[in-house]
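Okay, coords_23.cif now, which holds mmCIF, C-alpha atoms:
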```
data_protein
loop_
_atom_site.label_atom_id
_atom_site.label_comp_id
_atom_site.auth_asym_id
_atom_site.auth_seq_id
_atom_site.Cartn_x
_atom_site.Cartn_y
_atom_site.Cartn_z
CA MET V 645 18.63 82.16 -106.45
CA GLU V 646 15.53 81.35 -104.44
CA PHE V 647 12.43 81.34 -106.65
CA GLN V 648 10.78 84.20 -104.76
CA GLN V 649 13.92 86.31 -105.18
CA VAL V 650 13.93 85.65 -108.92
CA ILE V 651 10.37 86.84 -109.51
CA GLU V 652 11.03 89.93 -107.37
CA ALA V 653 14.32 90.62 -109.18
CA ARG V 654 12.85 90.44 -112.68
CA ARG V 655 12.57 93.94 -114.05
CA ALA V 656 12.31 95.36 -117.54
CA TYR V 657 15.42 97.45 -117.14
CA ARG V 658 16.61 99.48 -120.10
CA SER V 659 20.10 100.44 -118.99
CA LEU V 660 22.16 97.56 -120.31
CA ASP V 661 25.79 96.52 -120.36
CA PRO V 662 27.34 93.73 -122.43
CA PHE V 663 27.61 90.17 -121.15
CA PRO V 664 29.38 87.12 -122.57
CA ILE V 665 27.23 84.84 -124.73
CA THR V 666 27.99 81.15 -124.38
CA PRO V 667 26.47 78.11 -126.08
CA GLU V 668 25.69 76.78 -122.58
CA LEU V 669 23.66 79.85 -121.68
CA ILE V 670 21.62 79.63 -124.87
CA ALA V 671 21.05 75.91 -124.33
CA ASP V 672 19.91 76.59 -120.77
CA LEU V 673 17.52 79.34 -121.88
CA GLY V 674 15.99 77.03 -124.49
CA ARG V 675 15.73 74.18 -122.03
CA ALA V 676 14.05 76.37 -119.41
CA ALA V 677 11.37 77.35 -121.94
CA SER V 678 10.91 73.74 -122.97
CA LEU V 679 10.13 72.77 -119.35
CA SER V 680 7.02 74.94 -119.44
CA ALA V 681 3.52 73.60 -119.89
CA SER V 682 1.73 73.70 -123.26
CA CYS V 683 -1.50 72.33 -124.65
CA PHE V 684 -0.96 68.62 -125.36
CA ASN V 685 2.75 69.31 -124.82
CA ASN V 686 2.91 70.97 -128.26
CA GLN V 687 5.74 73.35 -127.28
CA PRO V 688 4.76 75.86 -129.99
CA TRP V 689 7.57 78.33 -129.19
CA ARG V 690 10.47 78.89 -131.58
CA PHE V 691 13.41 81.07 -130.58
CA VAL V 692 15.97 82.77 -132.77
CA PHE V 693 18.87 83.73 -130.50
CA VAL V 694 20.44 86.67 -132.27
CA HIS V 695 23.98 87.31 -131.07
CA GLY V 696 26.25 87.34 -134.13
CA ALA V 697 27.54 90.88 -134.72
CA GLU V 698 26.05 91.24 -138.19
CA SER V 699 22.61 89.74 -137.44
CA LEU V 700 22.34 91.63 -134.18
CA GLU V 701 23.14 94.93 -135.89
CA ALA V 702 20.59 94.24 -138.64
CA LEU V 703 17.90 93.35 -136.10
CA LYS V 704 18.63 96.51 -134.11
CA GLY V 705 17.83 98.39 -137.29
CA CYS V 706 14.21 97.17 -136.93
CA LEU V 707 13.57 98.77 -133.53
CA ASN V 708 10.93 101.47 -133.23
CA PRO V 709 11.85 104.97 -132.12
CA GLY V 710 11.89 104.97 -128.31
CA ASN V 711 13.70 101.64 -128.20
CA GLU V 712 17.17 103.09 -128.78
CA TRP V 713 18.16 101.67 -125.37
CA ALA V 714 17.82 98.17 -126.83
CA ARG V 715 20.81 98.84 -129.07
CA ASP V 716 22.95 98.12 -126.00
CA ALA V 717 21.77 94.48 -125.99
CA SER V 718 24.34 91.68 -126.31
CA MET V 719 21.64 89.28 -127.48
CA ILE V 720 18.05 89.54 -128.68
CA VAL V 721 15.74 86.54 -128.62
CA ALA V 722 13.09 86.59 -131.34
CA VAL V 723 10.07 84.58 -130.16
CA CYS V 724 8.05 83.11 -133.02
CA SER V 725 5.07 80.82 -133.35
CA ARG V 726 2.17 79.89 -135.61
CA PRO V 727 -1.45 78.93 -134.82
CA ASP V 728 -1.14 75.38 -136.16
CA LEU V 729 1.83 74.61 -133.91
CA ASP V 730 -0.59 74.36 -130.98
CA CYS V 731 -4.19 73.50 -129.99
CA ARG V 732 -7.17 75.24 -131.55
CA THR V 733 -10.18 74.45 -129.37
CA GLN V 734 -13.69 75.92 -129.58
CA GLY V 735 -12.28 78.96 -131.39
CA ARG V 736 -9.48 79.41 -128.87
CA ASP V 737 -5.92 79.41 -130.22
CA TYR V 738 -3.25 78.43 -127.70
CA TYR V 739 -0.01 79.29 -129.55
CA LEU V 740 0.28 82.81 -128.11
CA PHE V 741 -0.70 81.89 -124.56
CA ASP V 742 1.64 78.89 -124.49
CA SER V 743 4.49 80.84 -126.09
CA GLY V 744 3.97 83.39 -123.33
CA MET V 745 4.36 80.69 -120.69
CA GLY V 746 7.53 79.33 -122.34
CA THR V 747 8.98 82.81 -122.73
CA ALA V 748 8.31 83.55 -119.04
CA PHE V 749 10.41 80.51 -118.10
CA LEU V 750 13.19 81.79 -120.38
CA ILE V 751 13.01 85.30 -118.93
CA LEU V 752 13.09 83.98 -115.37
CA LEU V 753 16.09 81.77 -116.08
CA ALA V 754 17.90 84.80 -117.48
CA THR V 755 17.01 86.69 -114.29
CA ASP V 756 18.31 83.80 -112.18
CA ARG V 757 21.61 84.16 -114.06
CA GLY V 758 21.79 87.86 -113.24
CA LEU V 759 20.69 89.08 -116.67
CA VAL V 760 18.00 91.47 -117.84
CA ALA V 761 15.53 89.94 -120.30
CA HIS V 762 13.09 92.63 -121.42
CA PRO V 763 10.38 91.62 -123.92
CA ILE V 764 9.30 94.40 -126.28
CA ALA V 765 6.61 94.89 -128.92
CA GLY V 766 8.13 97.97 -130.55
CA TYR V 767 9.77 96.81 -133.77
CA ASP V 768 8.92 96.57 -137.44
CA GLU V 769 7.76 92.95 -137.63
CA GLY V 770 7.95 92.64 -141.41
CA LYS V 771 11.47 94.04 -141.53
CA ALA V 772 12.63 91.95 -138.54
CA LYS V 773 11.24 88.76 -140.06
CA ALA V 774 13.01 89.56 -143.33
CA VAL V 775 16.31 90.18 -141.50
CA LEU V 776 16.03 86.84 -139.65
CA GLY V 777 14.51 84.87 -142.53
CA VAL V 778 11.40 84.00 -140.52
CA PRO V 779 8.73 82.56 -142.83
CA ALA V 780 5.68 84.71 -143.51
CA ASP V 781 3.24 82.37 -141.76
CA LEU V 782 4.92 82.77 -138.37
CA THR V 783 4.23 85.63 -135.98
CA LEU V 784 7.25 87.31 -134.47
CA ILE V 785 5.55 87.81 -131.11
CA THR V 786 8.23 89.61 -129.17
CA LEU V 787 11.90 90.50 -129.09
CA VAL V 788 13.47 89.73 -125.72
CA ILE V 789 16.24 92.28 -125.24
CA MET V 790 19.07 90.87 -123.14
CA GLY V 791 21.88 92.58 -121.28
CA LEU V 792 23.45 93.07 -117.91
CA HIS V 793 21.78 95.68 -115.75
CA GLN V 794 23.82 98.86 -115.50
CA PRO V 795 22.68 100.85 -112.43
CA ASP V 796 24.29 103.99 -113.84
CA LEU V 797 21.90 105.06 -116.58
CA LYS V 798 23.13 104.65 -120.14
CA PRO V 799 22.85 107.65 -122.45
CA SER V 800 20.44 105.80 -124.78
CA LEU V 801 17.53 106.19 -122.33
CA ASN V 802 15.11 109.06 -122.81
CA GLU V 803 13.91 111.14 -119.89
CA LYS V 804 10.78 109.11 -119.15
CA GLN V 805 12.78 105.88 -119.33
CA ARG V 806 15.37 107.26 -116.92
CA ALA V 807 12.62 107.88 -114.36
CA MET V 808 11.10 104.38 -114.89
CA GLU V 809 14.47 102.75 -114.25
CA ALA V 810 14.45 103.85 -110.61
CA GLU V 811 11.49 101.83 -109.39
CA ARG V 812 9.26 99.01 -110.53
CA PRO V 813 6.22 100.35 -112.40
CA ALA V 814 3.12 100.12 -110.20
CA ARG V 815 1.14 96.88 -110.17
CA ARG V 816 -2.66 96.68 -110.24
CA ALA V 817 -4.35 96.35 -106.87
CA PRO V 818 -5.50 92.75 -106.24
CA ALA V 819 -9.15 93.87 -106.35
CA GLU V 820 -8.65 94.64 -110.06
CA PHE V 821 -7.58 91.14 -111.11
CA VAL V 822 -7.96 88.63 -108.23
CA PHE V 823 -11.55 87.44 -107.92
CA HIS V 824 -13.10 84.72 -105.76
CA ASP V 825 -15.52 82.10 -107.08
CA ARG V 826 -17.30 84.56 -109.39
CA TRP V 827 -16.56 87.44 -111.69
CA PRO V 828 -17.34 90.59 -109.68
CA ALA V 829 -20.74 92.12 -110.33
CA MET K 872 13.23 76.35 -103.51
CA GLU K 873 16.05 77.25 -105.85
CA PHE K 874 14.73 78.59 -109.16
CA GLN K 875 16.25 75.77 -111.21
CA GLN K 876 14.62 73.21 -108.92
CA VAL K 877 11.24 74.87 -109.36
CA ILE K 878 11.28 74.73 -113.16
CA GLU K 879 12.44 71.11 -113.04
CA ALA K 880 9.77 70.23 -110.45
CA ARG K 881 6.86 71.73 -112.38
CA ARG K 882 4.86 68.91 -113.90
CA ALA K 883 1.30 68.64 -115.16
CA TYR K 884 0.46 65.88 -112.72
CA ARG K 885 -3.10 64.55 -112.69
CA SER K 886 -3.12 62.53 -109.48
CA LEU K 887 -4.19 65.12 -106.95
CA ASP K 888 -4.89 65.28 -103.24
CA PRO K 889 -6.59 68.12 -101.35
CA PHE K 890 -4.64 71.02 -99.87
CA PRO K 891 -5.69 73.86 -97.58
CA ILE K 892 -6.68 77.08 -99.35
CA THR K 893 -5.72 80.25 -97.50
CA PRO K 894 -6.27 83.92 -98.37
CA GLU K 895 -2.47 84.33 -98.12
CA LEU K 896 -1.82 81.68 -100.75
CA ILE K 897 -4.30 83.25 -103.18
CA ALA K 898 -2.81 86.69 -102.56
CA ASP K 899 0.68 85.31 -103.22
CA LEU K 900 -0.42 83.61 -106.46
CA GLY K 901 -1.97 86.85 -107.70
CA ARG K 902 1.06 88.86 -106.70
CA ALA K 903 3.44 86.46 -108.45
CA ALA K 904 1.47 86.88 -111.69
CA SER K 905 1.45 90.64 -111.29
CA LEU K 906 5.26 90.69 -111.12
CA SER K 907 5.44 89.39 -114.69
CA ALA K 908 6.16 91.58 -117.70
CA SER K 909 3.40 92.85 -119.98
CA CYS K 910 3.17 95.26 -122.88
CA PHE K 911 3.21 98.79 -121.43
CA ASN K 912 2.65 97.14 -118.05
CA ASN K 913 -0.99 96.53 -118.95
CA GLN K 914 -1.29 93.39 -116.79
CA PRO K 915 -4.17 92.05 -118.91
CA TRP K 916 -4.66 88.89 -116.81
CA ARG K 917 -7.76 88.40 -114.65
CA PHE K 918 -8.01 85.40 -112.31
CA VAL K 919 -11.08 83.85 -110.77
CA PHE K 920 -9.86 81.66 -107.91
CA VAL K 921 -12.59 79.06 -107.58
CA HIS K 922 -12.47 77.31 -104.19
CA GLY K 923 -15.90 77.64 -102.59
CA ALA K 924 -17.58 74.22 -102.48
CA GLU K 925 -20.57 75.20 -104.60
CA SER K 926 -18.69 77.17 -107.29
CA LEU K 927 -15.99 74.53 -107.51
CA GLU K 928 -18.54 71.77 -107.99
CA ALA K 929 -20.36 73.77 -110.67
CA LEU K 930 -17.10 74.49 -112.52
CA LYS K 931 -16.11 70.83 -112.37
CA GLY K 932 -19.35 70.15 -114.23
CA CYS K 933 -17.87 72.01 -117.22
CA LEU K 934 -14.86 69.71 -117.68
CA ASN K 935 -14.56 67.71 -120.89
CA PRO K 936 -14.51 63.91 -120.82
CA GLY K 937 -10.94 62.84 -120.12
CA ASN K 938 -10.53 65.48 -117.45
CA GLU K 939 -12.25 63.51 -114.68
CA TRP K 940 -8.94 63.64 -112.78
CA ALA K 941 -9.45 67.41 -112.35
CA ARG K 942 -12.45 66.72 -110.10
CA ASP K 943 -9.88 66.04 -107.35
CA ALA K 944 -8.77 69.71 -107.44
CA SER K 945 -9.05 71.82 -104.28
CA MET K 946 -8.96 74.99 -106.35
CA ILE K 947 -9.27 75.92 -110.02
CA VAL K 948 -7.98 79.22 -111.33
CA ALA K 949 -9.91 80.55 -114.32
CA VAL K 950 -7.61 82.77 -116.39
CA CYS K 951 -9.49 85.41 -118.36
CA SER K 952 -8.54 88.31 -120.60
CA ARG K 953 -9.76 90.47 -123.47
CA PRO K 954 -7.94 91.97 -126.46
CA ASP K 955 -8.47 95.59 -125.41
CA LEU K 956 -6.89 94.99 -121.99
CA ASP K 957 -3.48 94.95 -123.71
CA CYS K 958 -1.48 96.28 -126.68
CA ARG K 959 -2.63 95.80 -130.24
CA THR K 960 0.33 96.59 -132.48
CA GLN K 961 0.66 96.08 -136.26
CA GLY K 962 -2.08 93.45 -136.11
CA ARG K 963 -0.50 91.68 -133.15
CA ASP K 964 -2.63 91.25 -130.02
CA TYR K 965 -0.68 90.84 -126.78
CA TYR K 966 -3.38 89.81 -124.28
CA LEU K 967 -2.90 86.06 -124.76
CA PHE K 968 0.90 86.14 -124.81
CA ASP K 969 1.08 88.39 -121.75
CA SER K 970 -1.57 86.38 -119.89
CA GLY K 971 0.57 83.33 -120.63
CA MET K 972 3.59 85.00 -119.03
CA GLY K 973 1.58 86.01 -115.95
CA THR K 974 0.06 82.56 -115.63
CA ALA K 975 3.52 80.98 -115.83
CA PHE K 976 4.61 83.07 -112.83
CA LEU K 977 1.49 81.90 -110.95
CA ILE K 978 2.11 78.25 -111.86
CA LEU K 979 5.75 78.45 -110.80
CA LEU K 980 4.85 80.03 -107.48
CA ALA K 981 2.40 77.19 -106.86
CA THR K 982 5.20 74.73 -107.69
CA ASP K 983 7.53 76.52 -105.29
CA ARG K 984 4.88 75.99 -102.60
CA GLY K 985 4.77 72.25 -103.33
CA LEU K 986 1.51 72.35 -105.31
CA VAL K 987 0.52 71.06 -108.72
CA ALA K 988 -0.85 73.75 -111.05
CA HIS K 989 -1.93 72.12 -114.30
CA PRO K 990 -3.40 74.37 -117.00
CA ILE K 991 -6.00 72.70 -119.22
CA ALA K 992 -7.95 73.61 -122.34
CA GLY K 993 -10.55 70.84 -122.09
CA TYR K 994 -13.73 72.47 -120.77
CA ASP K 995 -16.94 73.93 -122.13
CA GLU K 996 -16.00 77.61 -122.25
CA GLY K 997 -19.54 78.92 -122.62
CA LYS K 998 -20.81 76.85 -119.74
CA ALA K 999 -17.82 77.69 -117.52
CA LYS K 1000 -18.20 81.41 -118.20
CA ALA K 1001 -21.89 81.18 -117.32
CA VAL K 1002 -21.07 79.34 -114.07
CA LEU K 1003 -18.53 82.00 -113.07
CA GLY K 1004 -20.42 85.00 -114.44
CA VAL K 1005 -17.55 85.93 -116.78
CA PRO K 1006 -18.78 88.55 -119.28
CA ALA K 1007 -19.17 87.42 -122.89
CA ASP K 1008 -16.39 89.66 -124.23
CA LEU K 1009 -13.68 87.95 -122.16
CA THR K 1010 -11.91 84.77 -123.21
CA LEU K 1011 -11.60 82.08 -120.56
CA ILE K 1012 -8.15 81.05 -121.74
CA THR K 1013 -7.37 78.22 -119.38
CA LEU K 1014 -8.39 76.54 -116.16
CA VAL K 1015 -5.41 75.95 -113.87
CA ILE K 1016 -6.21 72.80 -111.89
CA MET K 1017 -4.59 72.87 -108.46
CA GLY K 1018 -3.92 70.11 -105.97
CA LEU K 1019 -1.24 68.34 -104.04
CA HIS K 1020 0.62 65.68 -105.99
CA GLN K 1021 -0.36 62.19 -104.91
CA PRO K 1022 2.35 59.72 -106.02
CA ASP K 1023 -0.09 56.81 -105.64
CA LEU K 1024 -2.34 57.14 -108.67
CA LYS K 1025 -5.89 58.25 -108.01
CA PRO K 1026 -8.70 56.17 -109.52
CA SER K 1027 -9.88 59.12 -111.66
CA LEU K 1028 -6.96 58.73 -114.11
CA ASN K 1029 -7.48 56.73 -117.26
CA GLU K 1030 -4.91 54.24 -118.50
CA LYS K 1031 -2.99 56.64 -120.73
CA GLN K 1032 -2.92 59.25 -117.96
CA ARG K 1033 -1.58 56.69 -115.50
CA ALA K 1034 1.35 56.01 -117.81
CA MET K 1035 2.02 59.75 -118.37
CA GLU K 1036 2.19 60.33 -114.63
CA ALA K 1037 5.37 58.27 -114.31
CA GLU K 1038 7.70 60.48 -116.32
CA ARG K 1039 7.81 63.95 -117.83
CA PRO K 1040 6.48 63.91 -121.40
CA ALA K 1041 9.37 64.22 -123.89
CA ARG K 1042 10.61 67.67 -124.82
CA ARG K 1043 11.51 68.76 -128.34
CA ALA K 1044 15.17 68.49 -129.27
CA PRO K 1045 16.87 71.92 -129.24
CA ALA K 1046 17.38 71.73 -133.01
CA GLU K 1047 13.60 71.96 -133.40
CA PHE K 1048 13.15 75.26 -131.60
CA VAL K 1049 16.52 76.88 -130.75
CA PHE K 1050 17.96 78.73 -133.72
CA HIS K 1051 20.98 81.00 -134.04
CA ASP K 1052 20.91 84.36 -135.82
CA ARG K 1053 18.62 83.13 -138.59
CA TRP K 1054 15.61 80.92 -139.11
CA PRO K 1055 16.97 77.59 -140.37
CA ALA K 1056 16.82 77.14 -144.14
#
```
Can you turn what I pasted into structure tokens?
Amino acid sequence: MEFQQVIEARRAYRSLDPFPITPELIADLGRAASLSASCFNNQPWRFVFVHGAESLEALKGCLNPGNEWARDASMIVAVCSRPDLDCRTQGRDYYLFDSGMGTAFLILLATDRGLVAHPIAGYDEGKAKAVLGVPADLTLITLVIMGLHQPDLKPSLNEKQRAMEAERPARRAPAEFVFHDRWPA
Amino acid sequence: MEFQQVIEARRAYRSLDPFPITPELIADLGRAASLSASCFNNQPWRFVFVHGAESLEALKGCLNPGNEWARDASMIVAVCSRPDLDCRTQGRDYYLFDSGMGTAFLILLATDRGLVAHPIAGYDEGKAKAVLGVPADLTLITLVIMGLHQPDLKPSLNEKQRAMEAERPARRAPAEFVFHDRWPA
């Protein structure tokens, strides 16, 4: 797909159908993330691609109420990192920012392949880390819920989610976040 | 450009030529970022597009030694955010991760338009915030240095940087960051 089409097509859909997981797809998702920028090329992102039936079921048991829709995922990518995997400069830690950039590349590649990749924060981190065996000193930053978009709404969506599926949630007006030369007075 | 081409083309080049800044380009960069995902659609990113001669010169005065190459930039995007502009869940702050995702969209759009967009951490944050009037409670997370790639190396690059310009810095092997179903033992 054309780049512009991909960024327009990316949506955090919740109505998901299964899709086939292949080693090639996972390799491509990892490679896309690795092509991102990071401070001193540290590449602080670590991804657990959860697709085996048993692991996937266990991880789905860690979702918060309201994320029942994510149970329809064929794969969930657990994004993990740790402060010392990246630069720490003048009190600024880069592991979260850089992991965000890498994850964006991964999400966009998934979109380019016709998949939904919806990052969520609503899970029990301690339980999810235990399920996946993620060491205590890593942060499980997000779970990227992956599926094929199903235009007919799946029953797992609640009423509010059904409404949100229809159109892209509103974006801030440029005046709220695009400034020129100086922070606005 | 095709999406795959864009992610392959993105490089943190340091040999930069001028390019024309237009209001349309800045609007498109902001819009690309705004199309990214964020926790509860908070869109915590704030961008100061620094392109006016005076502001740009003042901001270039905040670069750390080693970043002399960035003085060739036609525009620098200061990426700012603050913890309370985004979710705080179970001790996890999302403003840096989400700002990273938004900034990746911006960087990739710049790449799609044939520009270099090179995020750096090497600047005096206090001084840069003072120059731009960024309030104390915001973090100036990165400066995205923008220019046109000049294949003939500019004199502002040091010897190490000249060597790095020739080929993409090595990426981690998949075994280091792509895991399946469980964190590796």
For each of V:Tyr767, V:Phe663, V:Phe693, V:Phe684, take the minimum atom-to-atom distance to chain K, counting all atoms listed in the file, then give the residue where this is smallest.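 Looking at the shortest contact to chain K, the residue is V:Phe693.
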Which protein, DNA or RNA residues have an atom at most 8 Å from (-9.6, 89.8, -125.9), counting all atoms listed in the file? List them as a PyMOL selection string. chain K and resi 952-956+966-967+1008-1010
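As for CA of Ser945 in chain K and CA of Gly1018 in chain K, they are spaced 5.7 Å apart.
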Write out as JSON lines a residue-level contact list of chain V versus chain K with cut-off 6 Å: for each qualifying residue the closest pair of atoms and the distance in Å to one decimal, counting all atoms listed in the file, rows sorted by chain and residue number upward.
```
{"residue": "V:Met645", "atom": "CA", "partner": "K:Glu873", "partner_atom": "CA", "distance": 5.6}
{"residue": "V:Glu646", "atom": "CA", "partner": "K:Glu873", "partner_atom": "CA", "distance": 4.4}
{"residue": "V:Phe647", "atom": "CA", "partner": "K:Phe874", "partner_atom": "CA", "distance": 4.4}
{"residue": "V:Arg690", "atom": "CA", "partner": "K:Phe1048", "partner_atom": "CA", "distance": 4.5}
{"residue": "V:Phe691", "atom": "CA", "partner": "K:Val1049", "partner_atom": "CA", "distance": 5.2}
{"residue": "V:Val692", "atom": "CA", "partner": "K:Phe1050", "partner_atom": "CA", "distance": 4.6}
{"residue": "V:Phe693", "atom": "CA", "partner": "K:His1051", "partner_atom": "CA", "distance": 4.9}
{"residue": "V:Val694", "atom": "CA", "partner": "K:Asp1052", "partner_atom": "CA", "distance": 4.3}
{"residue": "V:Ser699", "atom": "CA", "partner": "K:Asp1052", "partner_atom": "CA", "distance": 5.9}
{"residue": "V:Leu740", "atom": "CA", "partner": "K:Phe968", "partner_atom": "CA", "distance": 4.7}
{"residue": "V:Phe741", "atom": "CA", "partner": "K:Gly971", "partner_atom": "CA", "distance": 4.4}
{"residue": "V:Asp742", "atom": "CA", "partner": "K:Gly971", "partner_atom": "CA", "distance": 6.0}
{"residue": "V:Gly744", "atom": "CA", "partner": "K:Gly971", "partner_atom": "CA", "distance": 4.3}
{"residue": "V:Met745", "atom": "CA", "partner": "K:Gly971", "partner_atom": "CA", "distance": 4.6}
{"residue": "V:Ala748", "atom": "CA", "partner": "K:Met972", "partner_atom": "CA", "distance": 4.9}
{"residue": "V:Leu776", "atom": "CA", "partner": "K:Arg1053", "partner_atom": "CA", "distance": 4.6}
{"residue": "V:Gly777", "atom": "CA", "partner": "K:Trp1054", "partner_atom": "CA", "distance": 5.3}
{"residue": "V:Val778", "atom": "CA", "partner": "K:Trp1054", "partner_atom": "CA", "distance": 5.4}
{"residue": "V:Phe821", "atom": "CA", "partner": "K:Arg917", "partner_atom": "CA", "distance": 4.5}
{"residue": "V:Val822", "atom": "CA", "partner": "K:Phe918", "partner_atom": "CA", "distance": 5.2}
{"residue": "V:Phe823", "atom": "CA", "partner": "K:Val919", "partner_atom": "CA", "distance": 4.6}
{"residue": "V:His824", "atom": "CA", "partner": "K:Phe920", "partner_atom": "CA", "distance": 4.9}
{"residue": "V:Asp825", "atom": "CA", "partner": "K:Val921", "partner_atom": "CA", "distance": 4.3}
{"residue": "V:Arg826", "atom": "CA", "partner": "K:Leu1003", "partner_atom": "CA", "distance": 4.6}
{"residue": "V:Trp827", "atom": "CA", "partner": "K:Gly1004", "partner_atom": "CA", "distance": 5.3}
```
If you keep C-alpha atoms, can you produce a file of those selected residues as a PDB file, in the coordinates of the input?
```
ATOM      1  CA  MET V 645      18.630  82.160-106.450  1.00  0.00           C
ATOM      2  CA  GLU V 646      15.530  81.350-104.440  1.00  0.00           C
ATOM      3  CA  PHE V 647      12.430  81.340-106.650  1.00  0.00           C
ATOM      4  CA  ARG V 690      10.470  78.890-131.580  1.00  0.00           C
ATOM      5  CA  PHE V 691      13.410  81.070-130.580  1.00  0.00           C
ATOM      6  CA  VAL V 692      15.970  82.770-132.770  1.00  0.00           C
ATOM      7  CA  PHE V 693      18.870  83.730-130.500  1.00  0.00           C
ATOM      8  CA  VAL V 694      20.440  86.670-132.270  1.00  0.00           C
ATOM      9  CA  SER V 699      22.610  89.740-137.440  1.00  0.00           C
ATOM     10  CA  LEU V 740       0.280  82.810-128.110  1.00  0.00           C
ATOM     11  CA  PHE V 741      -0.700  81.890-124.560  1.00  0.00           C
ATOM     12  CA  ASP V 742       1.640  78.890-124.490  1.00  0.00           C
ATOM     13  CA  GLY V 744       3.970  83.390-123.330  1.00  0.00           C
ATOM     14  CA  MET V 745       4.360  80.690-120.690  1.00  0.00           C
ATOM     15  CA  ALA V 748       8.310  83.550-119.040  1.00  0.00           C
ATOM     16  CA  LEU V 776      16.030  86.840-139.650  1.00  0.00           C
ATOM     17  CA  GLY V 777      14.510  84.870-142.530  1.00  0.00           C
ATOM     18  CA  VAL V 778      11.400  84.000-140.520  1.00  0.00           C
ATOM     19  CA  PHE V 821      -7.580  91.140-111.110  1.00  0.00           C
ATOM     20  CA  VAL V 822      -7.960  88.630-108.230  1.00  0.00           C
ATOM     21  CA  PHE V 823     -11.550  87.440-107.920  1.00  0.00           C
ATOM     22  CA  HIS V 824     -13.100  84.720-105.760  1.00  0.00           C
ATOM     23  CA  ASP V 825     -15.520  82.100-107.080  1.00  0.00           C
ATOM     24  CA  ARG V 826     -17.300  84.560-109.390  1.00  0.00           C
ATOM     25  CA  TRP V 827     -16.560  87.440-111.690  1.00  0.00           C
TER      26      TRP V 827
END
```
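If you measure from each of K:Lys931, K:Arg942, K:Lys998, K:Arg984 to Pro1026 in chain K using all atoms listed in the file, the closest one turns out to be K:Arg942.
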Please report the interatomic distance between CA of Leu759 in chain V and CA of Met790 in chain V in Å with one decimal. 6.9 Å
